[in-house]
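**Q** Next up, final.txt (compact mmCIF, C-alpha atoms).
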```txt
# COMPACT_ATOMS: atom_id res chain seq x y z
CA TRP A 1 36.14 -2.67 -15.37
CA LYS A 2 33.92 -4.34 -12.76
CA ARG A 3 35.61 -2.43 -9.95
CA CYS A 4 35.23 0.85 -11.83
CA LEU A 5 31.55 0.12 -12.53
CA HIS A 6 30.72 -0.88 -8.95
CA THR A 7 32.61 2.05 -7.44
CA THR A 8 31.00 4.59 -9.76
CA GLU A 9 27.54 3.21 -9.03
CA ALA A 10 28.22 3.25 -5.28
CA VAL A 11 29.21 6.91 -5.11
CA MET A 12 27.20 8.37 -8.00
CA GLY A 13 24.28 5.94 -8.32
CA ASP A 14 21.44 8.40 -7.80
CA ALA A 15 22.92 10.91 -10.23
CA LEU A 16 23.47 8.25 -12.88
CA THR A 17 19.82 7.21 -12.60
CA ILE A 18 18.68 10.32 -14.46
CA PRO A 19 20.55 9.81 -17.76
CA PHE A 20 19.95 6.05 -17.59
CA VAL A 21 16.17 6.40 -17.36
CA GLN A 22 16.11 9.14 -19.99
CA LYS A 23 18.14 7.07 -22.45
CA TYR A 24 16.96 3.50 -21.93
CA VAL A 25 13.44 3.53 -20.46
CA SER A 26 10.79 4.26 -23.07
CA GLY A 27 7.46 5.83 -22.33
CA ASP A 28 5.68 2.86 -23.92
CA ALA A 29 7.48 0.49 -21.52
CA VAL A 30 6.40 2.59 -18.52
CA VAL A 31 2.78 2.59 -19.70
CA LEU A 32 2.86 -1.19 -20.26
CA ALA A 33 4.40 -1.71 -16.81
CA GLN A 34 1.76 0.49 -15.18
CA THR A 35 -1.04 -1.39 -16.95
CA THR A 36 0.43 -4.72 -15.88
CA ALA A 37 0.90 -3.54 -12.28
CA ASN A 38 -2.72 -2.34 -12.12
CA SER A 39 -3.93 -5.69 -13.45
CA ILE A 40 -1.86 -7.67 -10.93
CA GLN A 41 -2.97 -5.38 -8.09
CA ALA A 42 -6.64 -5.89 -8.97
CA MET A 43 -6.21 -9.65 -9.33
CA MET A 44 -4.46 -9.87 -5.95
CA ARG A 45 -7.48 -8.20 -4.31
CA GLU A 46 -9.76 -10.66 -6.07
CA GLU A 47 -7.65 -13.62 -4.90
CA ILE A 48 -7.70 -12.37 -1.30
CA SER A 49 -11.49 -12.24 -1.40
CA LYS A 50 -11.60 -15.95 -2.34
CA LEU A 51 -9.24 -17.37 0.31
CA SER A 52 -11.39 -19.77 2.30
CA TRP A 53 -8.86 -20.10 5.12
CA MET A 54 -8.52 -16.34 5.80
CA ASP A 55 -10.91 -14.84 8.36
CA ALA A 56 -12.79 -11.58 7.78
CA PRO A 57 -10.65 -9.20 9.95
CA THR A 58 -7.39 -10.43 8.39
CA ARG A 59 -8.93 -10.29 4.92
CA ALA A 60 -10.02 -6.67 5.47
CA ILE A 61 -6.50 -5.53 6.40
CA ALA A 62 -4.94 -7.50 3.56
CA SER A 63 -7.33 -5.96 1.05
CA LYS A 64 -6.69 -2.49 2.49
CA LYS A 65 -2.95 -2.96 2.05
CA ILE A 66 -3.38 -3.81 -1.63
CA VAL A 67 -5.85 -0.95 -2.22
CA GLN A 68 -3.55 1.63 -0.59
CA LEU A 69 -0.42 0.27 -2.26
CA LYS A 70 1.64 2.91 -4.06
CA ILE A 71 3.26 1.89 -7.34
CA GLU A 72 6.41 3.67 -8.54
CA ILE A 73 7.79 2.86 -11.98
CA ALA A 74 11.25 4.05 -13.08
CA LYS A 75 10.99 7.04 -10.78
CA ILE A 76 13.76 9.60 -11.16
CA PRO A 77 15.02 10.64 -7.71
CA ASP A 78 15.49 14.22 -6.57
CA VAL A 79 19.29 14.30 -6.54
CA PRO A 80 20.95 17.08 -4.50
CA LYS A 81 23.96 18.63 -6.21
CA THR A 82 26.51 17.73 -3.56
CA LEU A 83 29.14 16.31 -5.87
CA GLU A 84 31.04 18.81 -7.98
CA PHE A 85 33.22 16.37 -9.81
CA ARG A 86 36.23 16.94 -12.04
CA PRO A 87 37.90 13.56 -12.49
CA ASN A 88 41.60 13.36 -11.74
CA ARG A 89 42.77 11.06 -14.51
CA THR A 90 46.00 10.30 -12.66
CA SER A 91 44.64 9.30 -9.25
CA PHE A 92 41.77 6.91 -8.73
CA PHE A 93 42.33 7.21 -4.99
CA SER A 94 41.87 10.99 -4.86
CA ASP A 95 38.72 10.73 -6.99
CA LEU A 96 37.34 8.11 -4.62
CA VAL A 97 38.11 10.16 -1.51
CA HIS A 98 36.45 13.20 -3.07
CA ALA A 99 33.33 11.26 -4.03
CA ARG A 100 33.01 9.50 -0.66
CA THR A 101 33.44 12.80 1.15
CA ALA A 102 30.49 14.22 -0.78
CA VAL A 103 28.37 11.15 0.01
CA ALA A 104 29.27 11.36 3.71
CA ARG A 105 28.43 15.07 3.78
CA ARG A 106 25.08 14.37 2.16
CA ASN A 107 24.27 11.64 4.72
CA LEU A 108 25.27 13.84 7.67
CA ASN A 109 23.06 16.61 6.33
CA ARG A 110 20.04 14.30 6.57
CA ILE A 111 20.25 14.03 10.36
CA GLY A 112 17.21 15.54 12.07
CA LYS A 113 15.34 15.99 8.80
CA PRO A 114 12.43 14.01 7.34
CA THR A 115 13.45 10.70 5.77
CA ASP A 116 14.26 10.99 2.09
CA ASP A 117 12.17 8.87 -0.25
CA ILE A 118 15.15 7.00 -1.68
CA ALA A 119 15.05 3.76 -3.66
CA ARG A 120 17.06 0.90 -2.18
CA MET A 121 18.49 -0.06 -5.57
CA SER A 122 19.75 1.71 -8.66
CA GLN A 123 17.22 2.29 -11.44
CA ALA A 124 19.63 0.40 -13.70
CA ALA A 125 18.92 -2.84 -11.81
CA ALA A 126 16.63 -5.34 -13.51
CA ASN A 127 14.51 -5.70 -10.41
CA ALA A 128 11.44 -4.71 -8.43
CA TYR A 129 10.78 -4.77 -4.70
CA PHE A 130 8.11 -4.21 -2.08
CA ASP A 131 8.88 -1.57 0.56
CA PRO A 132 6.82 -2.55 3.64
CA ARG A 133 7.42 0.67 5.60
CA LYS A 134 5.91 2.77 2.84
CA ASN A 135 3.55 0.09 1.48
CA ARG A 136 4.85 0.70 -2.02
CA LEU A 137 5.86 -1.41 -4.99
CA VAL A 138 8.98 -0.06 -6.70
CA VAL A 139 9.61 -1.08 -10.31
CA LEU A 140 13.14 -0.18 -11.36
CA GLY A 141 13.96 1.06 -14.86
CA GLY A 142 16.31 -1.79 -15.66
CA ILE A 143 13.44 -4.29 -15.61
CA LEU A 144 11.57 -2.47 -18.40
CA GLY A 145 13.53 -4.02 -21.24
CA PRO A 146 14.85 -7.34 -22.54
CA PRO A 147 14.88 -10.08 -21.43
CA ILE A 148 12.10 -9.29 -18.92
CA LEU A 149 9.97 -6.89 -20.91
CA SER A 150 10.78 -7.91 -24.47
CA SER A 151 7.44 -8.51 -26.14
CA ASP A 152 4.02 -6.98 -26.64
CA SER A 153 2.51 -10.42 -26.06
CA LEU A 154 0.11 -10.45 -23.11
CA SER A 155 1.19 -13.96 -22.08
CA ALA A 156 4.87 -12.98 -22.15
CA THR A 157 4.32 -9.79 -20.16
CA ASP A 158 2.22 -11.48 -17.50
CA ALA A 159 4.61 -14.45 -17.25
CA THR A 160 7.65 -12.23 -16.69
CA LEU A 161 6.88 -8.77 -15.33
CA GLY A 162 3.46 -9.81 -14.03
CA MET A 163 4.89 -12.76 -12.11
CA ILE A 164 7.62 -10.59 -10.58
CA LEU A 165 5.08 -7.98 -9.46
CA GLY A 166 2.81 -10.71 -8.08
CA HIS A 167 5.80 -12.13 -6.19
CA GLU A 168 6.41 -8.77 -4.52
CA LEU A 169 2.72 -8.26 -3.68
CA THR A 170 2.68 -11.69 -2.02
CA HIS A 171 5.43 -10.37 0.26
CA ALA A 172 3.06 -7.53 1.17
CA LEU A 173 0.75 -10.05 2.85
CA ASP A 174 3.25 -11.61 5.25
CA GLY A 175 1.58 -10.10 8.31
CA ARG A 176 4.54 -8.09 9.59
CA PHE A 177 3.53 -4.54 8.57
CA ASP A 178 0.07 -3.00 8.37
CA ALA A 179 -1.35 -0.83 5.58
CA SER A 180 0.27 2.29 7.09
CA GLY A 181 3.71 0.72 7.16
CA HIS A 182 3.78 0.21 10.93
CA LEU A 183 5.19 -2.97 12.43
CA ALA A 184 2.11 -4.89 13.53
CA HIS A 185 1.07 -8.54 13.68
CA TRP A 186 -2.31 -8.25 12.01
CA TRP A 187 -2.91 -11.91 11.18
CA GLN A 188 -5.65 -13.34 13.41
CA GLY A 189 -5.02 -16.51 15.43
CA ASP A 190 -6.82 -19.16 13.37
CA THR A 191 -5.76 -17.64 10.07
CA LEU A 192 -2.16 -17.52 11.26
CA GLN A 193 -2.29 -21.22 12.14
CA GLN A 194 -3.77 -22.05 8.74
CA TYR A 195 -1.00 -20.02 7.10
CA ARG A 196 1.71 -21.81 9.07
CA THR A 197 0.27 -25.20 8.08
CA ARG A 198 0.53 -24.23 4.42
CA THR A 199 4.01 -22.83 5.01
CA LEU A 200 5.16 -26.21 6.33
CA CYS A 201 3.82 -27.88 3.20
CA VAL A 202 5.90 -25.56 1.00
CA GLN A 203 8.97 -26.06 3.19
CA ARG A 204 8.66 -29.86 2.96
CA ASN A 205 8.58 -29.64 -0.84
CA LEU A 206 11.75 -27.54 -0.73
CA ASP A 207 13.47 -29.94 1.66
CA ARG A 208 12.79 -32.82 -0.74
CA ALA A 209 14.16 -30.93 -3.76
CA LEU A 210 17.62 -31.87 -4.98
CA MET A 211 19.93 -29.59 -6.93
CA GLY A 212 23.18 -30.08 -8.77
CA PRO A 213 25.88 -32.68 -8.27
CA GLY A 214 26.10 -34.64 -5.06
CA ASP A 215 22.35 -34.57 -4.37
CA MET A 216 22.46 -31.12 -2.79
CA HIS A 217 19.33 -30.51 -0.71
CA LEU A 218 17.52 -27.20 -0.51
CA HIS A 219 16.50 -25.75 2.86
CA GLY A 220 12.79 -25.10 3.28
CA ALA A 221 13.07 -23.00 6.44
CA HIS A 222 15.71 -20.82 4.74
CA SER A 223 13.96 -20.05 1.45
CA GLY A 224 10.29 -20.84 2.18
CA ASP A 225 9.13 -17.20 2.12
CA GLU A 226 10.57 -16.60 -1.34
CA ARG A 227 9.22 -19.94 -2.59
CA MET A 228 5.71 -18.98 -1.44
CA ALA A 229 6.04 -15.58 -3.10
CA ASP A 230 7.00 -17.32 -6.35
CA GLY A 231 3.94 -19.54 -6.18
CA GLY A 232 1.63 -16.66 -5.29
CA GLY A 233 3.12 -14.44 -7.98
CA LEU A 234 2.79 -17.05 -10.70
CA ARG A 235 -0.82 -17.88 -9.82
CA VAL A 236 -1.88 -14.23 -9.70
CA ALA A 237 -0.11 -13.52 -13.01
CA TYR A 238 -1.78 -16.52 -14.65
CA ARG A 239 -5.23 -15.48 -13.45
CA ALA A 240 -4.63 -11.94 -14.67
CA LEU A 241 -3.77 -13.39 -18.08
CA VAL A 242 -6.96 -15.49 -18.13
CA LYS A 243 -9.05 -12.46 -17.27
CA ASP A 244 -7.45 -10.10 -19.80
CA ALA A 245 -6.82 -12.50 -22.72
CA PRO A 246 -9.04 -12.30 -25.80
CA GLU A 247 -12.06 -14.59 -25.55
CA ASP A 248 -11.16 -16.36 -28.81
CA ALA A 249 -7.63 -17.26 -27.59
CA GLU A 250 -6.79 -20.97 -27.83
CA ILE A 251 -6.36 -21.90 -24.16
CA LYS A 252 -3.75 -24.63 -24.43
CA THR A 253 -1.53 -22.61 -26.77
CA ARG A 254 -1.90 -19.51 -24.58
CA ASP A 255 -1.02 -21.43 -21.41
CA GLN A 256 1.95 -23.19 -22.98
CA ALA A 257 3.31 -19.80 -24.06
CA PHE A 258 2.77 -18.37 -20.57
CA PHE A 259 4.59 -21.14 -18.71
CA THR A 260 7.40 -21.28 -21.28
CA GLU A 261 8.00 -17.54 -20.99
CA PHE A 262 8.03 -17.88 -17.21
CA ALA A 263 10.63 -20.65 -17.36
CA GLN A 264 12.83 -18.72 -19.78
CA LEU A 265 12.83 -15.75 -17.41
CA TRP A 266 14.94 -17.81 -14.98
CA CYS A 267 17.46 -19.32 -17.39
CA ALA A 268 20.77 -19.60 -15.52
CA LYS A 269 23.97 -21.63 -15.41
CA PHE A 270 26.10 -22.22 -12.31
CA ARG A 271 29.45 -23.79 -11.60
CA PRO A 272 28.96 -26.48 -8.91
CA GLU A 273 30.78 -24.35 -6.34
CA ALA A 274 28.69 -21.30 -7.15
CA LEU A 275 25.46 -23.29 -6.92
CA ARG A 276 26.45 -24.65 -3.50
CA HIS A 277 27.22 -21.11 -2.33
CA PHE A 278 23.88 -19.87 -3.69
CA VAL A 279 21.89 -22.63 -1.95
CA THR A 280 23.71 -21.97 1.32
CA THR A 281 23.52 -18.17 1.41
CA ASP A 282 20.64 -16.88 -0.74
CA ALA A 283 17.08 -16.59 0.59
CA HIS A 284 15.75 -17.50 -2.87
CA PRO A 285 15.75 -21.05 -4.22
CA PRO A 286 18.01 -21.57 -7.26
CA PRO A 287 16.34 -20.57 -10.55
CA LYS A 288 15.69 -24.16 -11.69
CA ALA A 289 13.87 -24.90 -8.43
CA ARG A 290 11.95 -21.62 -8.62
CA VAL A 291 10.53 -22.73 -11.95
CA ASN A 292 9.90 -26.42 -11.32
CA LEU A 293 8.42 -26.10 -7.84
CA ALA A 294 6.14 -23.21 -8.81
CA VAL A 295 4.63 -24.90 -11.87
CA SER A 296 4.31 -28.26 -10.08
CA GLU A 297 1.69 -26.66 -7.81
CA MET A 298 -0.51 -25.52 -10.69
CA PRO A 299 -3.11 -27.82 -12.29
CA GLU A 300 -3.18 -25.37 -15.22
CA PHE A 301 0.44 -26.26 -16.03
CA ALA A 302 -0.34 -29.98 -15.93
CA ALA A 303 -3.29 -29.43 -18.29
CA ALA A 304 -1.27 -27.30 -20.71
CA PHE A 305 1.46 -29.92 -21.11
CA SER A 306 -0.66 -33.07 -20.54
CA CYS A 307 1.35 -34.10 -17.47
CA THR A 308 0.64 -37.37 -15.72
CA PRO A 309 -0.27 -37.08 -12.03
```
Turn the structure described in the file into structure tokens.

**A**
Amino acid sequence: WKRCLHTTEAVMGDALTIPFVQKYVSGDAVVLAQTTANSIQAMMREEISKLSWMDAPTRAIASKKIVQLKIEIAKIPDVPKTLEFRPNRTSFFSDLVHARTAVARRNLNRIGKPTDDIARMSQAAANAYFDPRKNRLVVLGGILGPPILSSDSLSATDATLGMILGHELTHALDGRFDASGHLAHWWQGDTLQQYRTRTLCVQRNLDRALMGPGDMHLHGAHSGDERMADGGGLRVAYRALVKDAPEDAEIKTRDQAFFTEFAQLWCAKFRPEALRHFVTTDAHPPPKARVNLAVSEMPEFAAAFSCTP
């Protein structure tokens, strides 16, 4: 069944997006996601304005990128009708050849024409991503349901969807693409050096982290970018919660709920061999490290759970 699922998604993914979004993505979820994205976007601009180590020219471009950012939520693609499909129940091979021929014909037909605005992932994926060449944040339909979007609670929404969106917006500030999506090194000299100093601090924390049996070390240079995006995303999501929460909310209870929801978002279980493969090949730290390292940087977490220094 996995082979059938993966093959069908590979050759008919865009077409399958339409019924998936129509059936599983509610209008209320889209509205909630848009509200959350707007809140995170505004808070990211506010955070940029407060960075003491970022000089004025770099800050101006960073702020411009966030202001001009396009947000797409569960967008249904414009799917050309290139695949007239009548399944041959007796031959998987002939069905596959027919489908791949249609995909190849569609790709060849794109040559010399403007680039299609195509999502990199299926709308069924529980994911979001930042597209630097278009300066856009894409929120896929699969993320707009349990376990990521499973509550009307503000703390739960900010801790899950808000953190993920903040993570992607942190990637938008890596200095590689400008606000128009052109490859350009727009970080100024002193700011770049300050950024690299902080990067080394994050990498050292990763290098010291141990995972799984056999004292397996993480690799800071390998997964530092994603680790920094986790930290940035969590901080921006938390500050959005503080700004939007009711004034009479009990702070400690609210913060405990926020950090608990964040941790539960990354619940995972690995076989030792799978964890070793993940640490070696994936740009992201393992889920346990993503949680523990991110919250260990936040005084608000220590206060919420009365941690010792």

**Q** Grab the atom CA of A:Ala99 to atom CA of A:Gly112 distance for me, in Å with one decimal place.

**A**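 Atom-to-atom, atom CA of A:Ala99 to atom CA of A:Gly112, that is 23.2 Å.
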
**Q** Please return as a short mmCIF file (atom, residue, chain, number, x, y, z; two decimals) with C-alpha atoms, in the coordinates of the input every residue within 12 Å of (9.9, -7.0, -22.7), taking into account only C-alpha atoms and the file's own coordinates.

**A**
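Listed below is the output, out15.cif:
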```
data_model
loop_
_atom_site.label_atom_id
_atom_site.label_comp_id
_atom_site.auth_asym_id
_atom_site.auth_seq_id
_atom_site.Cartn_x
_atom_site.Cartn_y
_atom_site.Cartn_z
CA VAL A 25 13.44 3.53 -20.46
CA SER A 26 10.79 4.26 -23.07
CA ASP A 28 5.68 2.86 -23.92
CA ALA A 29 7.48 0.49 -21.52
CA VAL A 30 6.40 2.59 -18.52
CA LEU A 32 2.86 -1.19 -20.26
CA ALA A 33 4.40 -1.71 -16.81
CA THR A 36 0.43 -4.72 -15.88
CA ALA A 126 16.63 -5.34 -13.51
CA GLY A 141 13.96 1.06 -14.86
CA GLY A 142 16.31 -1.79 -15.66
CA ILE A 143 13.44 -4.29 -15.61
CA LEU A 144 11.57 -2.47 -18.40
CA GLY A 145 13.53 -4.02 -21.24
CA PRO A 146 14.85 -7.34 -22.54
CA PRO A 147 14.88 -10.08 -21.43
CA ILE A 148 12.10 -9.29 -18.92
CA LEU A 149 9.97 -6.89 -20.91
CA SER A 150 10.78 -7.91 -24.47
CA SER A 151 7.44 -8.51 -26.14
CA ASP A 152 4.02 -6.98 -26.64
CA SER A 153 2.51 -10.42 -26.06
CA LEU A 154 0.11 -10.45 -23.11
CA SER A 155 1.19 -13.96 -22.08
CA ALA A 156 4.87 -12.98 -22.15
CA THR A 157 4.32 -9.79 -20.16
CA ASP A 158 2.22 -11.48 -17.50
CA ALA A 159 4.61 -14.45 -17.25
CA THR A 160 7.65 -12.23 -16.69
CA LEU A 161 6.88 -8.77 -15.33
CA GLY A 162 3.46 -9.81 -14.03
CA GLU A 261 8.00 -17.54 -20.99
CA LEU A 265 12.83 -15.75 -17.41
#
```

**Q** Just to confirm, what's the straight-line distance from atom CA of A:Tyr24 to atom CA of A:Ser122 in Å (one decimal)?

**A**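 So the answer is 13.7 Å.
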
**Q** Rounded to one decimal, what separation in Å do you get between atom CA of A:Ile40 and atom CA of A:Thr197?

**A**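 We find that atom CA of A:Ile40 and atom CA of A:Thr197 lie 25.9 Å from each other.
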
**Q** Could you list, as a PyMOL selection string, every residue within 12 Å of A:Glu46, counting only C-alpha atoms and ignoring same-chain residues fewer than 3 positions away?

**A** chain A and resi 39-43+49-51+59+62-63+66-67+236+239-240+243

**Q** Looking at A:Arg227, A:Arg198, A:Lys65, A:Arg133, which one is nearest to A:Leu169, with distances taken over only C-alpha atoms?

**A**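 Between A:Arg227, A:Arg198, A:Lys65, A:Arg133, the residue approaching A:Leu169 most closely is A:Lys65.
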
**Q** Can you tell me, as a PyMOL selection string, what residues are no more than 7 Å from A:Ala74 when counting only C-alpha atoms, ignoring any on the same chain fewer than 3 positions away?

**A** chain A and resi 21+123+139-141

**Q** Would you kindly return, as a short mmCIF file (atom, residue, chain, number, x, y, z; two decimals) with C-alpha atoms, in the frame of the given file, each protein, DNA or RNA residue with an atom no farther than 8 Å from any atom of A:Val279, considering all atoms listed in the file and excluding same-chain residues fewer than 5 positions away?

**A**
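Saved as part13.cif:
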```cif
data_model
loop_
_atom_site.label_atom_id
_atom_site.label_comp_id
_atom_site.auth_asym_id
_atom_site.auth_seq_id
_atom_site.Cartn_x
_atom_site.Cartn_y
_atom_site.Cartn_z
CA LEU A 218 17.52 -27.20 -0.51
CA HIS A 219 16.50 -25.75 2.86
CA PRO A 285 15.75 -21.05 -4.22
CA PRO A 286 18.01 -21.57 -7.26
#
```

**Q** Using only C-alpha atoms, which residues sit within 9 Å of A:Arg235 once same-chain residues fewer than 4 positions away are excluded, as a PDB file with C-alpha atoms, in the frame of the given file?

**A**
```pdb
ATOM      1  CA  MET A 163       4.890 -12.760 -12.110  1.00  0.00           C
ATOM      2  CA  GLY A 166       2.810 -10.710  -8.080  1.00  0.00           C
ATOM      3  CA  ASP A 230       7.000 -17.320  -6.350  1.00  0.00           C
ATOM      4  CA  GLY A 231       3.940 -19.540  -6.180  1.00  0.00           C
ATOM      5  CA  ARG A 239      -5.230 -15.480 -13.450  1.00  0.00           C
ATOM      6  CA  ALA A 240      -4.630 -11.940 -14.670  1.00  0.00           C
ATOM      7  CA  ALA A 294       6.140 -23.210  -8.810  1.00  0.00           C
ATOM      8  CA  MET A 298      -0.510 -25.520 -10.690  1.00  0.00           C
TER       9      MET A 298
END
```

**Q** From the set A:Thr260, A:Gln34, A:Ala172, A:Ser91, which residue has the shortest atom-to-atom contact distance to A:Asn292, counting only C-alpha atoms?

**A**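 Counting only C-alpha atoms, the residue closest to A:Asn292 is A:Thr260.
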
**Q** Skip A:Phe278 itself and residues of its chain fewer than 3 positions away, then list as number ranges by chain all residues within 12 Å of it, counting only C-alpha atoms.

**A** A: 211-212, 216-219, 222-223, 269-275, 281-287

**Q** Out of A:Ala249, A:Ile61, A:Ala268, A:Ala237, which residue has the shortest atom-to-atom distance to A:Ala184 when counting only C-alpha atoms?

**A** A:Ile61

**Q** Can you work out which one of A:Trp53, A:Val295, A:Ile48, A:Phe130 has the shortest atom-to-atom distance to A:Gln193, counting only C-alpha atoms?

**A**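 Residue with the minimum atom-to-atom distance to A:Gln193: A:Trp53.
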